[in-house]
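A.B. asks: Input entry-v1.cif, format and content: mmCIF, C-alpha atoms.
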data_upload
loop_
_atom_site.group_PDB
_atom_site.id
_atom_site.type_symbol
_atom_site.label_atom_id
_atom_site.label_comp_id
_atom_site.auth_asym_id
_atom_site.auth_seq_id
_atom_site.Cartn_x
_atom_site.Cartn_y
_atom_site.Cartn_z
ATOM 1 C CA MET Y 282 0.000 0.000 0.000
ATOM 2 C CA ILE Y 283 2.839 2.410 0.881
ATOM 3 C CA ASP Y 284 4.554 1.597 -2.413
ATOM 4 C CA VAL Y 285 1.380 2.541 -4.319
ATOM 5 C CA ILE Y 286 1.130 5.871 -2.467
ATOM 6 C CA TRP Y 287 4.743 6.766 -3.254
ATOM 7 C CA LEU Y 288 4.242 5.760 -6.884
ATOM 8 C CA ASN Y 289 1.225 8.069 -7.133
ATOM 9 C CA ILE Y 290 3.220 10.937 -5.589
ATOM 10 C CA PHE Y 291 6.050 10.360 -8.062
ATOM 11 C CA VAL Y 292 3.653 10.366 -11.019
ATOM 12 C CA PHE Y 293 2.031 13.560 -9.754
ATOM 13 C CA LEU Y 294 5.382 15.311 -9.447
ATOM 14 C CA MET Y 295 6.494 14.222 -12.889
ATOM 15 C CA ALA Y 296 3.184 15.269 -14.453
ATOM 16 C CA GLY Y 297 3.539 18.909 -13.486
ATOM 17 C CA ILE Y 298 5.985 20.890 -11.380
ATOM 18 C CA LEU Y 299 5.480 24.543 -10.564
ATOM 19 C CA ASN Y 300 8.529 26.649 -9.803
ATOM 20 C CA ASP Y 301 8.427 29.821 -7.678
ATOM 21 C CA GLY Y 302 7.435 31.855 -10.726
ATOM 22 C CA GLY Y 303 4.372 29.684 -11.370
ATOM 23 C CA LEU Y 304 5.888 28.217 -14.508
ATOM 24 C CA LYS Y 305 4.759 24.676 -15.198
ATOM 25 C CA ILE Y 306 7.477 22.238 -16.152
ATOM 26 C CA THR Y 307 5.521 19.428 -17.728
ATOM 27 C CA SER Y 308 8.333 16.901 -17.808
ATOM 28 C CA PRO Y 309 11.786 17.781 -16.500
ATOM 29 C CA GLY Y 310 14.377 17.310 -19.238
ATOM 30 C CA VAL Y 311 11.783 17.281 -22.029
ATOM 31 C CA ILE Y 312 11.673 20.352 -24.276
ATOM 32 C CA GLY Y 313 8.261 21.406 -25.573
ATOM 33 C CA GLN Y 314 7.387 22.913 -28.952
ATOM 34 C CA ASN Y 315 7.029 26.444 -27.544
ATOM 35 C CA ASP Y 316 9.856 26.363 -25.021
ATOM 36 C CA LEU Y 317 12.222 29.324 -25.138
ATOM 37 C CA LEU Y 318 15.897 29.780 -24.281
ATOM 38 C CA ILE Y 319 16.995 33.323 -23.455
ATOM 39 C CA VAL Y 320 20.746 33.828 -23.575
ATOM 40 C CA GLY Y 321 21.357 36.868 -21.399
ATOM 41 C CA PRO Y 322 18.059 37.354 -19.513
ATOM 42 C CA GLY Y 323 18.672 40.960 -18.469
ATOM 43 C CA VAL Y 324 16.207 43.827 -18.777
ATOM 44 C CA LEU Y 325 15.140 43.027 -22.342
ATOM 45 C CA GLY Y 326 15.276 39.257 -21.889
ATOM 46 C CA ARG Y 327 13.042 39.375 -18.824
ATOM 47 C CA ILE Y 328 10.393 41.408 -20.646
ATOM 48 C CA VAL Y 329 10.574 38.918 -23.531
ATOM 49 C CA ALA Y 330 10.061 36.092 -21.015
ATOM 50 C CA GLU Y 331 7.010 37.772 -19.481
ATOM 51 C CA LYS Y 332 5.364 38.402 -22.835
ATOM 52 C CA TRP Y 333 6.240 34.954 -24.218
ATOM 53 C CA HIS Y 334 4.776 33.240 -21.160
ATOM 54 C CA LYS Y 335 1.517 35.175 -21.544
ATOM 55 C CA GLU Y 336 1.210 33.849 -25.091
ATOM 56 C CA HIS Y 337 2.365 30.315 -24.193
ATOM 57 C CA PRO Y 338 1.267 29.663 -20.584
ATOM 58 C CA ALA Y 339 2.312 25.990 -20.621
ATOM 59 C CA CYS Y 340 5.822 26.588 -21.965
ATOM 60 C CA GLN Y 341 9.146 26.429 -20.176
ATOM 61 C CA ILE Y 342 11.480 29.417 -20.343
ATOM 62 C CA PHE Y 343 15.182 28.894 -19.732
ATOM 63 C CA GLY Y 344 17.849 31.523 -19.129
ATOM 64 C CA TYR Y 345 21.591 31.146 -19.678
ATOM 65 C CA THR Y 346 23.720 33.544 -17.630
ATOM 66 C CA MET Y 347 27.402 34.307 -17.075
ATOM 67 C CA THR Y 348 27.085 34.148 -13.259
ATOM 68 C CA THR Y 349 24.615 32.919 -10.641
ATOM 69 C CA ASP Y 350 24.201 36.449 -9.202
ATOM 70 C CA HIS Y 351 20.580 36.886 -10.318
ATOM 71 C CA HIS Y 352 19.342 33.295 -10.429
ATOM 72 C CA ASP Y 353 16.953 33.784 -7.489
ATOM 73 C CA GLU Y 354 15.361 36.759 -9.260
ATOM 74 C CA LEU Y 355 14.986 34.781 -12.493
ATOM 75 C CA ILE Y 356 13.312 31.850 -10.716
ATOM 76 C CA LYS Y 357 10.747 34.223 -9.199
ATOM 77 C CA LEU Y 358 10.037 35.518 -12.712
ATOM 78 C CA GLY Y 359 9.378 31.998 -13.996
ATOM 79 C CA ILE Y 360 12.712 31.618 -15.779
ATOM 80 C CA ILE Y 361 14.716 28.426 -15.232
ATOM 81 C CA PRO Y 362 18.312 29.695 -14.910
ATOM 82 C CA SER Y 363 21.627 27.981 -15.492
ATOM 83 C CA LEU Y 364 25.183 28.997 -16.238
ATOM 84 C CA LYS Y 365 26.243 29.252 -19.861
ATOM 85 C CA LYS Y 366 27.428 25.822 -20.957
ATOM 86 C CA SER Y 367 30.401 24.981 -23.178
ATOM 87 C CA GLU Y 368 28.415 22.117 -24.702
ATOM 88 C CA PRO Y 369 24.638 22.104 -25.299
ATOM 89 C CA THR Y 370 22.634 19.730 -23.121
ATOM 90 C CA ASN Y 371 19.297 20.490 -24.766
ATOM 91 C CA LYS Y 372 18.043 21.730 -28.111
ATOM 92 C CA PHE Y 373 15.396 24.448 -27.978
ATOM 93 C CA PRO Y 374 12.893 25.369 -30.718
ATOM 94 C CA PHE Y 375 13.094 29.073 -29.864
ATOM 95 C CA VAL Y 376 16.313 30.842 -28.865
ATOM 96 C CA ILE Y 377 16.866 34.572 -28.408
ATOM 97 C CA PHE Y 378 20.302 36.036 -27.728
ATOM 98 C CA CYS Y 379 20.031 39.233 -25.656
ATOM 99 C CA ALA Y 380 23.450 39.355 -23.967
ATOM 100 C CA PRO Y 381 25.548 42.503 -24.534
ATOM 101 C CA PRO Y 382 29.087 42.308 -25.954
ATOM 102 C CA THR Y 383 30.643 44.043 -22.962
ATOM 103 C CA ARG Y 384 31.225 41.063 -20.645
ATOM 104 C CA THR Y 385 32.911 38.552 -22.924
ATOM 105 C CA PRO Y 386 36.206 38.297 -24.854
ATOM 106 C CA ASP Y 387 34.560 36.361 -27.708
ATOM 107 C CA TYR Y 388 31.116 37.691 -28.503
ATOM 108 C CA PRO Y 389 30.766 35.972 -31.899
ATOM 109 C CA GLY Y 390 31.846 32.731 -30.231
ATOM 110 C CA ASP Y 391 29.116 33.178 -27.620
ATOM 111 C CA VAL Y 392 26.525 33.560 -30.373
ATOM 112 C CA ARG Y 393 27.917 30.444 -32.081
ATOM 113 C CA LEU Y 394 27.605 28.538 -28.793
ATOM 114 C CA ALA Y 395 24.037 29.787 -28.316
ATOM 115 C CA ALA Y 396 23.206 28.682 -31.853
ATOM 116 C CA SER Y 397 24.321 25.155 -30.975
ATOM 117 C CA ASN Y 398 21.392 25.067 -28.522
ATOM 118 C CA TRP Y 399 18.874 25.699 -31.309
ATOM 119 C CA SER Y 400 16.989 22.697 -32.665
ATOM 120 C CA GLY Y 401 16.493 24.291 -36.090
ATOM 121 C CA GLU Y 402 12.729 24.501 -35.552
ATOM 122 C CA GLY Y 403 10.934 27.655 -34.453
ATOM 123 C CA SER Y 404 13.382 30.544 -34.564
ATOM 124 C CA PHE Y 405 16.818 31.773 -33.524
ATOM 125 C CA LEU Y 406 17.021 35.536 -33.029
ATOM 126 C CA PHE Y 407 20.089 37.661 -32.308
ATOM 127 C CA THR Y 408 19.441 41.147 -30.922
ATOM 128 C CA SER Y 409 22.022 43.451 -32.473
ATOM 129 C CA SER Y 410 22.369 47.236 -32.671
ATOM 130 C CA SER Y 411 21.472 49.851 -35.269
ATOM 131 C CA ALA Y 412 24.990 51.228 -34.660
ATOM 132 C CA VAL Y 413 26.186 48.948 -37.486
ATOM 133 C CA TYR Y 414 24.598 51.217 -40.127
ATOM 134 C CA ASP Y 415 27.128 53.462 -41.838
ATOM 135 C CA CYS Y 416 25.507 56.871 -41.496
ATOM 136 C CA SER Y 417 26.604 59.791 -39.324
ATOM 137 C CA ASP Y 418 25.316 62.922 -41.088
ATOM 138 C CA ASN Y 419 21.707 62.822 -39.850
ATOM 139 C CA GLY Y 420 20.789 61.147 -43.128
ATOM 140 C CA PHE Y 421 17.990 58.656 -43.813
ATOM 141 C CA CYS Y 422 18.631 55.026 -42.914
ATOM 142 C CA ASN Y 423 16.543 51.853 -43.196
ATOM 143 C CA GLU Y 424 16.919 48.070 -43.179
ATOM 144 C CA ASP Y 425 18.757 48.076 -46.516
ATOM 145 C CA SER Y 426 21.244 50.863 -45.786
ATOM 146 C CA PRO Y 427 24.954 49.940 -45.948
ATOM 147 C CA VAL Y 428 26.750 48.866 -42.787
ATOM 148 C CA VAL Y 429 30.069 50.105 -41.435
ATOM 149 C CA PRO Y 430 32.917 48.455 -43.366
ATOM 150 C CA VAL Y 431 34.762 45.765 -41.429
ATOM 151 C CA GLY Y 432 37.995 47.127 -39.997
ATOM 152 C CA ARG Y 433 36.805 50.688 -39.350
ATOM 153 C CA SER Y 434 35.432 50.207 -35.858
ATOM 154 C CA PRO Y 435 36.143 47.442 -33.306
ATOM 155 C CA ARG Y 436 32.648 47.902 -31.862
ATOM 156 C CA THR Y 437 30.785 47.353 -35.113
ATOM 157 C CA ASP Y 438 33.233 44.626 -36.192
ATOM 158 C CA VAL Y 439 32.230 42.551 -33.172
ATOM 159 C CA LEU Y 440 28.519 43.103 -33.800
ATOM 160 C CA LEU Y 441 28.703 42.259 -37.509
ATOM 161 C CA LYS Y 442 30.718 39.091 -36.841
ATOM 162 C CA ALA Y 443 28.159 38.062 -34.229
ATOM 163 C CA GLU Y 444 25.316 38.761 -36.675
ATOM 164 C CA ASN Y 445 26.986 36.526 -39.255
ATOM 165 C CA GLU Y 446 27.136 33.674 -36.741
ATOM 166 C CA ALA Y 447 23.352 33.900 -36.383
ATOM 167 C CA LEU Y 448 22.653 34.331 -40.093
ATOM 168 C CA ASP Y 449 24.981 31.478 -41.089
ATOM 169 C CA ILE Y 450 22.817 28.935 -39.250
ATOM 170 C CA GLY Y 451 19.534 30.334 -40.575
ATOM 171 C CA GLY Y 452 18.815 32.594 -37.634
ATOM 172 C CA CYS Y 453 17.502 36.148 -37.871
ATOM 173 C CA VAL Y 454 18.869 39.455 -36.617
ATOM 174 C CA VAL Y 455 17.014 42.458 -35.239
ATOM 175 C CA ARG Y 456 19.060 45.648 -35.064
ATOM 176 C CA LEU Y 457 17.668 47.677 -32.188
ATOM 177 C CA ALA Y 458 17.898 51.444 -31.807
ATOM 178 C CA GLY Y 459 18.524 53.061 -28.415
ATOM 179 C CA LEU Y 460 16.629 51.144 -25.755
ATOM 180 C CA TYR Y 461 14.868 53.071 -23.014
ATOM 181 C CA LYS Y 462 12.259 53.018 -20.306
ATOM 182 C CA GLU Y 463 11.563 55.579 -17.596
ATOM 183 C CA ASP Y 464 14.532 54.602 -15.425
ATOM 184 C CA ARG Y 465 16.946 53.399 -18.127
ATOM 185 C CA GLY Y 466 18.367 54.944 -21.260
ATOM 186 C CA ALA Y 467 20.476 57.845 -22.480
ATOM 187 C CA HIS Y 468 18.103 60.390 -20.940
ATOM 188 C CA VAL Y 469 18.687 58.951 -17.448
ATOM 189 C CA TYR Y 470 22.466 59.131 -17.851
ATOM 190 C CA TRP Y 471 22.350 62.718 -19.127
ATOM 191 C CA LEU Y 472 19.895 63.780 -16.440
ATOM 192 C CA ASP Y 473 22.191 62.412 -13.752
ATOM 193 C CA LYS Y 474 25.155 64.334 -15.213
ATOM 194 C CA GLY Y 475 23.241 67.605 -15.519
ATOM 195 C CA THR Y 476 25.660 69.031 -18.066
ATOM 196 C CA VAL Y 477 27.149 66.878 -20.848
ATOM 197 C CA ASP Y 478 30.016 67.630 -23.232
ATOM 198 C CA ALA Y 479 28.248 66.352 -26.345
ATOM 199 C CA LEU Y 480 26.782 67.845 -29.518
ATOM 200 C CA PRO Y 481 23.128 68.799 -28.897
ATOM 201 C CA ASP Y 482 22.149 68.363 -32.579
ATOM 202 C CA HIS Y 483 23.216 64.704 -32.780
ATOM 203 C CA VAL Y 484 20.133 62.675 -33.767
ATOM 204 C CA LEU Y 485 19.215 59.505 -31.883
ATOM 205 C CA ASN Y 486 16.774 56.741 -32.678
ATOM 206 C CA LEU Y 487 14.861 55.081 -29.891
ATOM 207 C CA ILE Y 488 12.729 52.065 -29.058
ATOM 208 C CA HIS Y 489 11.079 51.310 -25.730
ATOM 209 C CA TYR Y 490 12.130 48.085 -24.038
ATOM 210 C CA GLU Y 491 8.553 46.779 -24.216
ATOM 211 C CA ASP Y 492 8.408 47.436 -27.949
ATOM 212 C CA ALA Y 493 11.797 45.817 -28.520
ATOM 213 C CA ALA Y 494 10.469 42.736 -26.712
ATOM 214 C CA SER Y 495 7.183 42.637 -28.621
ATOM 215 C CA LEU Y 496 9.010 43.054 -31.945
ATOM 216 C CA SER Y 497 11.442 40.259 -31.064
ATOM 217 C CA ILE Y 498 8.578 37.925 -30.220
ATOM 218 C CA ALA Y 499 6.697 38.853 -33.408
ATOM 219 C CA ILE Y 500 9.798 38.014 -35.456
ATOM 220 C CA MET Y 501 10.317 34.672 -33.697
ATOM 221 C CA LYS Y 502 6.686 33.682 -34.199
ATOM 222 C CA LYS Y 503 7.091 34.145 -37.959
ATOM 223 C CA LYS Y 504 9.773 31.391 -37.946
ATOM 224 C CA LEU Y 505 11.707 33.141 -40.684
ATOM 225 C CA ARG Y 506 15.234 32.265 -41.798
ATOM 226 C CA GLY Y 507 18.309 34.385 -42.445
ATOM 227 C CA GLN Y 508 16.705 37.836 -42.395
ATOM 228 C CA VAL Y 509 17.705 41.158 -40.856
ATOM 229 C CA PHE Y 510 15.153 43.478 -39.249
ATOM 230 C CA LEU Y 511 15.277 46.912 -37.673
ATOM 231 C CA GLY Y 512 13.698 48.029 -34.402
ATOM 232 C CA CYS Y 513 12.974 51.734 -33.914
ATOM 233 C CA ASP Y 514 9.986 54.022 -33.289
ATOM 234 C CA ASN Y 515 10.376 56.009 -36.555
ATOM 235 C CA HIS Y 516 10.577 59.217 -34.537
ATOM 236 C CA PRO Y 517 14.248 60.302 -34.441
ATOM 237 C CA LEU Y 518 15.108 63.111 -32.037
ATOM 238 C CA SER Y 519 18.170 65.216 -31.352
ATOM 239 C CA ARG Y 520 19.824 64.963 -27.947
ATOM 240 C CA GLN Y 521 18.507 68.432 -27.177
ATOM 241 C CA GLU Y 522 14.950 67.507 -28.144
ATOM 242 C CA ILE Y 523 15.061 64.414 -25.932
ATOM 243 C CA MET Y 524 16.155 66.374 -22.878
ATOM 244 C CA ASP Y 525 13.737 69.223 -23.578
ATOM 245 C CA HIS Y 526 10.958 66.624 -23.458
ATOM 246 C CA VAL Y 527 12.363 65.224 -20.207
ATOM 247 C CA ASN Y 528 12.403 68.666 -18.584
ATOM 248 C CA ARG Y 529 8.854 69.404 -19.799
ATOM 249 C CA SER Y 530 7.424 66.082 -18.646
ATOM 250 C CA GLY Y 531 7.490 66.749 -14.902
ATOM 251 C CA LYS Y 532 8.268 63.056 -14.352
ATOM 252 C CA PHE Y 533 11.782 63.580 -13.029
ATOM 253 C CA SER Y 534 13.007 65.322 -9.886
ATOM 254 C CA LYS Y 535 16.138 66.693 -11.589
ATOM 255 C CA LYS Y 536 16.435 69.190 -14.433
ATOM 256 C CA PHE Y 537 18.865 68.808 -17.297
ATOM 257 C CA LEU Y 538 21.068 71.870 -17.750
ATOM 258 C CA GLY Y 539 22.462 71.421 -21.231
ATOM 259 C CA PHE Y 540 24.901 70.035 -23.798
ATOM 260 C CA THR Y 541 28.152 71.926 -24.272
ATOM 261 C CA GLY Y 542 29.747 70.071 -27.215
ATOM 262 C CA THR Y 543 30.364 71.838 -30.522
ATOM 263 C CA ASP Y 544 31.721 69.010 -32.673
ATOM 264 C CA GLY Y 545 31.063 65.371 -33.473
ATOM 265 C CA PRO Y 546 29.033 63.088 -35.738
ATOM 266 C CA LEU Y 547 25.407 63.959 -36.392
ATOM 267 C CA GLY Y 548 23.822 60.503 -36.210
ATOM 268 C CA LYS Y 549 21.131 59.049 -38.477
ATOM 269 C CA ARG Y 550 17.360 59.140 -39.043
ATOM 270 C CA MET Y 551 16.059 55.578 -39.033
ATOM 271 C CA ASN Y 552 12.855 54.159 -40.463
ATOM 272 C CA ASN Y 553 11.734 50.532 -40.148
ATOM 273 C CA SER Y 554 8.581 50.590 -42.275
ATOM 274 C CA LYS Y 555 9.830 47.517 -44.152
ATOM 275 C CA THR Y 556 10.123 45.529 -40.916
ATOM 276 C CA ARG Y 557 6.687 46.644 -39.759
ATOM 277 C CA ALA Y 558 5.072 45.611 -43.028
ATOM 278 C CA GLU Y 559 6.735 42.188 -43.142
ATOM 279 C CA ILE Y 560 6.235 41.310 -39.481
ATOM 280 C CA GLY Y 561 2.859 42.994 -38.991
ATOM 281 C CA TRP Y 562 4.075 44.913 -35.944
ATOM 282 C CA GLU Y 563 3.534 48.385 -34.534
ATOM 283 C CA PRO Y 564 5.059 49.875 -31.360
ATOM 284 C CA LYS Y 565 3.034 50.590 -28.261
ATOM 285 C CA PHE Y 566 5.098 53.752 -27.727
ATOM 286 C CA THR Y 567 5.203 55.575 -31.053
ATOM 287 C CA SER Y 568 7.678 58.197 -29.843
ATOM 288 C CA PHE Y 569 9.602 59.319 -26.780
ATOM 289 C CA PRO Y 570 7.303 62.308 -26.140
ATOM 290 C CA GLN Y 571 4.255 60.047 -26.455
ATOM 291 C CA PHE Y 572 5.817 57.758 -23.821
ATOM 292 C CA LEU Y 573 6.176 60.811 -21.544
ATOM 293 C CA ASN Y 574 2.486 61.691 -22.153
ATOM 294 C CA LEU Y 575 3.433 64.928 -23.909
ATOM 295 C CA LEU Y 576 1.377 64.192 -27.039
#
Please express the file's structure as structure tokens.

C.D. replies:
Amino acid sequence: MIDVIWLNIFVFLMAGILNDGGLKITSPGVIGQNDLLIVGPGVLGRIVAEKWHKEHPACQIFGYTMTTDHHDELIKLGIIPSLKKSEPTNKFPFVIFCAPPTRTPDYPGDVRLAASNWSGEGSFLFTSSSAVYDCSDNGFCNEDSPVVPVGRSPRTDVLLKAENEALDIGGCVVRLAGLYKEDRGAHVYWLDKGTVDALPDHVLNLIHYEDAASLSIAIMKKKLRGQVFLGCDNHPLSRQEIMDHVNRSGKFSKKFLGFTGTDGPLGKRMNNSKTRAEIGWEPKFTSFPQFLNLL
């Protein structure tokens, strides 16, 4: 009789386990058709996880990290964390790479390793940067604009090599403009400084973290292969315009004093209408001033 009771308990546990985040793991070690691996579950990755779980309540979401520092936080968010592995132990139908290039000596190699965890089903998506586009005169730029030639800039070299790792295995790339939310982004840094030695007329392109996450998910759901997309709000603003909006908004306790620079590149004016048409996506926050409730 005792053996039967223990058998029933074992079957119950194997049938459905809930972690602290309420995420149901249907069968430990078995990967489901909508399961997602997030490599680098930071600010963007966590928003992706939240939105993905809302669309796929029964899925498992895994997160590969460089350290165990935030594993407790990830578990509470319903993400199953583990340290980045040198050899894949599972193959996932959906993989998104959100880790920045700043904490690793071999960023393209990290993307290659992440790609080895992809089953070839679903989608592999690498989140890159719109910095790779070769434009610095406030000119027009879209998905098809030329990129910075290899060898000119170490920063863009690393990004382009990482993109190629994703594209070579049939993955997709989304080049994201400047990410922001109320407490993160260029405006927060400048506001904290008060006065910044930078050119006020330099044009920036922005996308809210929530919109970057929703665009990434929309791309993955299309299950496309080897394509490059662009993420921006189609509302470029100069540095001065951004901080004028911040000062007008009344949302911040500090006031920005000004930019003092007189020289430097002028930036670019980005438009991702092609991405929007192909993916069927529109941003929740259509511009930075609309986010601040100024429109």

A.B. asks: Please evaluate the PyMOL selection byres ((chain Y and resi 358) around 8) against the structure above and give the resulting residues as a PyMOL selection string.

C.D. replies: chain Y and resi 301-302+327+331+354-357+359-360

A.B. asks: CA of Leu575 in chain Y and CA of Phe537 in chain Y, how far apart in Å?

C.D. replies: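 Separating CA of Phe537 in chain Y from CA of Leu575 in chain Y is a distance of 17.2 Å.
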
A.B. asks: Show me, as a list of chain:residue names, the residues that have an atom within 7 Å of range 565-572 of chain Y when counting all atoms listed in the file, minus same-chain residues fewer than 2 positions from it.

C.D. replies: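 Skipping anything fewer than 2 positions along the chain leaves Y:His489, Y:Asp492, Y:Asp514, Y:His516, Y:His526, Y:Glu563, Y:Asn574, Y:Leu575, Y:Leu576.
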
A.B. asks: Can those selected residues be exported to a file as a compact mmCIF listing (two decimals), in the coordinates of the input so that it contains C-alpha atoms?

C.D. replies:
# COMPACT_ATOMS: atom_id res chain seq x y z
CA HIS Y 489 11.08 51.31 -25.73
CA ASP Y 492 8.41 47.44 -27.95
CA ASP Y 514 9.99 54.02 -33.29
CA HIS Y 516 10.58 59.22 -34.54
CA HIS Y 526 10.96 66.62 -23.46
CA GLU Y 563 3.53 48.38 -34.53
CA ASN Y 574 2.49 61.69 -22.15
CA LEU Y 575 3.43 64.93 -23.91
CA LEU Y 576 1.38 64.19 -27.04

A.B. asks: Since I can't run it myself right now, could you work out what the PyMOL selection byres ((chain Y and resi 443) around 10) selects here and report it as a count of residues only?

C.D. replies: 23

A.B. asks: I'd like the contact shell of Glu402 in chain Y - 9 Å cut-off, all atoms listed in the file, skipping same-chain residues fewer than 4 positions apart - returned as JSON, numbers by chain.

C.D. replies: {"Y": [314, 373, 374, 375, 504]}

A.B. asks: Can you list, as a PDB file with C-alpha atoms, keeping the file's coordinate frame, the residues that the PyMOL selection byres ((chain Y and resi 556) around 9) selects here?

C.D. replies:
ATOM      1  CA  GLU Y 424      16.919  48.070 -43.179  1.00  0.00           C
ATOM      2  CA  VAL Y 509      17.705  41.158 -40.856  1.00  0.00           C
ATOM      3  CA  PHE Y 510      15.153  43.478 -39.249  1.00  0.00           C
ATOM      4  CA  LEU Y 511      15.277  46.912 -37.673  1.00  0.00           C
ATOM      5  CA  GLY Y 512      13.698  48.029 -34.402  1.00  0.00           C
ATOM      6  CA  ASN Y 553      11.734  50.532 -40.148  1.00  0.00           C
ATOM      7  CA  SER Y 554       8.581  50.590 -42.275  1.00  0.00           C
ATOM      8  CA  LYS Y 555       9.830  47.517 -44.152  1.00  0.00           C
ATOM      9  CA  ARG Y 557       6.687  46.644 -39.759  1.00  0.00           C
ATOM     10  CA  ALA Y 558       5.072  45.611 -43.028  1.00  0.00           C
ATOM     11  CA  GLU Y 559       6.735  42.188 -43.142  1.00  0.00           C
ATOM     12  CA  ILE Y 560       6.235  41.310 -39.481  1.00  0.00           C
ATOM     13  CA  GLY Y 561       2.859  42.994 -38.991  1.00  0.00           C
ATOM     14  CA  TRP Y 562       4.075  44.913 -35.944  1.00  0.00           C
TER      15      TRP Y 562
END

A.B. asks: Could you check which of Y:Arg465, Y:Thr541, Y:Leu505, Y:Gly432 is closest to Leu480 in chain Y, using all atoms listed in the file?

C.D. replies: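 Smallest distance to Leu480 in chain Y is found for Y:Thr541.
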
A.B. asks: Please list as number ranges by chain every residue within 12 Å of Cys379 in chain Y, counting only C-alpha atoms and excluding residues in the same chain fewer than 2 positions away.

C.D. replies: Y: 318-330, 344-346, 376-377, 381-383, 388, 391-392, 395, 405-410, 443, 454-457, 490, 493-494, 497

A.B. asks: Could you check which of Y:Phe540, Y:Phe533, Y:Phe421, Y:Tyr461 is closest to Leu487 in chain Y, using all atoms listed in the file?

C.D. replies: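 Selected residue with least distance to Leu487 in chain Y: Y:Tyr461.
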
A.B. asks: Which distance in Å separates CA of Thr348 in chain Y and CA of Lys332 in chain Y, to one decimal?

C.D. replies: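 Atom-to-atom, CA of Thr348 in chain Y and CA of Lys332 in chain Y are spaced 24.1 Å apart.
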
A.B. asks: Measuring atom to atom with all atoms listed in the file, identify which of Y:Asp353, Y:Asp316, Y:Asp525, Y:Glu336 is nearest to Pro481 in chain Y.

C.D. replies: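 With all atoms listed in the file as the atom set, the closest residue is Y:Asp525.
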
A.B. asks: Give as a ChimeraX atom specification the set of residues within 7 Å of the point (17.4, 56.8, -36.1), where distances use the file's coordinates and all atoms listed in the file.

C.D. replies: /Y:458,484-487,517,549-552

A.B. asks: Just give me the gap between CA of Trp399 in chain Y and CA of Leu496 in chain Y in Å, one decimal is fine.

C.D. replies: 20.0 Å
